[in-house]
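Visitor: Below is a structure I'd like to ask you about.
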Amino acid sequence: MAIKVGDEFPEVQLKYVPYDAAAPNACKGPQLLDTKKAFSGKKVVLIGVPGAFSPTCSVQHIPPYVAKADELKAKG
């Protein structure tokens with residue numbers, strides 16, 4: 001399935017790991033996310049990484065997105 005800018009995000013269930021700024025190194029385990037409920041009427045940035053929970057992913061891939069989270073949210 002291809003998704004392009006401006007498309008409505010499809011109704012699927014994804015898994016995510018909640019981020020807690022008070023405990024940035026704590027992993028609470030994957031949670032289910034209902035995209036219809038979470039994304040309806042909103043702009044969405046979906047980030048996928050090839051080695052989730054690996055040292056490289058945790059140290060190099062994800063931190064830049066976490067650092068820019070407020071900037072991304074400010075865009076709507």
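Chain lettering (A, B, ...) mirrors the order of the structure tokens, residue numbering begins at 1 for each chain separately, and ligand numbering begins at 1 in order of display.
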So which bits of chain A end up strand (DSSP E) when you DSSP the backbone, as a VMD selection string?
Guide: chain A and resid 13 to 16 31 to 34
Visitor: Which polymer residues have any atom within 9 Å of an atom of segment 13-17 of chain A, counting only C-alpha atoms, with same-chain residues fewer than 2 positions away left out, as number ranges by chain?
Guide: A: 11, 19, 27-36
Visitor: Just the selected residues (C-alpha atoms), exported as a compact mmCIF listing (two decimals), in the first residue's frame, please.
Guide:
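Contents of the output file again-v8.txt:
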# COMPACT_ATOMS: atom_id res chain seq x y z
CA GLU A 11 -7.12 2.32 9.39
CA TYR A 19 8.27 7.83 25.29
CA CYS A 27 11.15 0.92 27.68
CA LYS A 28 7.55 0.23 28.67
CA GLY A 29 7.09 -2.37 25.96
CA PRO A 30 5.07 -2.12 22.75
CA GLN A 31 1.50 -0.80 22.92
CA LEU A 32 -1.20 -1.07 20.25
CA LEU A 33 -2.20 2.11 18.42
CA ASP A 34 -5.52 2.36 16.60
CA THR A 35 -4.73 4.74 13.73
CA LYS A 36 -8.36 5.66 13.07
Visitor: Write out as a ChimeraX atom specification each polymer residue whose atoms come within 12 Å of segment 72-74 of chain A, counting only C-alpha atoms; drop sequence neighbours fewer than 5 positions from it.
Guide: /A:42-46,64-67
Visitor: In Å to one decimal, how far is atom CA of Gly48 of chain A from atom CA of Ala2 of chain A?
Guide: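 Distance reported for this atom pair: 14.5 Å.
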Visitor: Using the chain letters and numbers from this document, which residues of chain A does DSSP assign to helix (DSSP H, G or I), as a PyMOL selection string?
Guide: chain A and resi 35-39+55-61+63-67+69-74
Visitor: Report the distance between atom CA of Phe39 of chain A and atom CA of Val12 of chain A in Å, rounded to one decimal place.
Guide: 10.7 Å
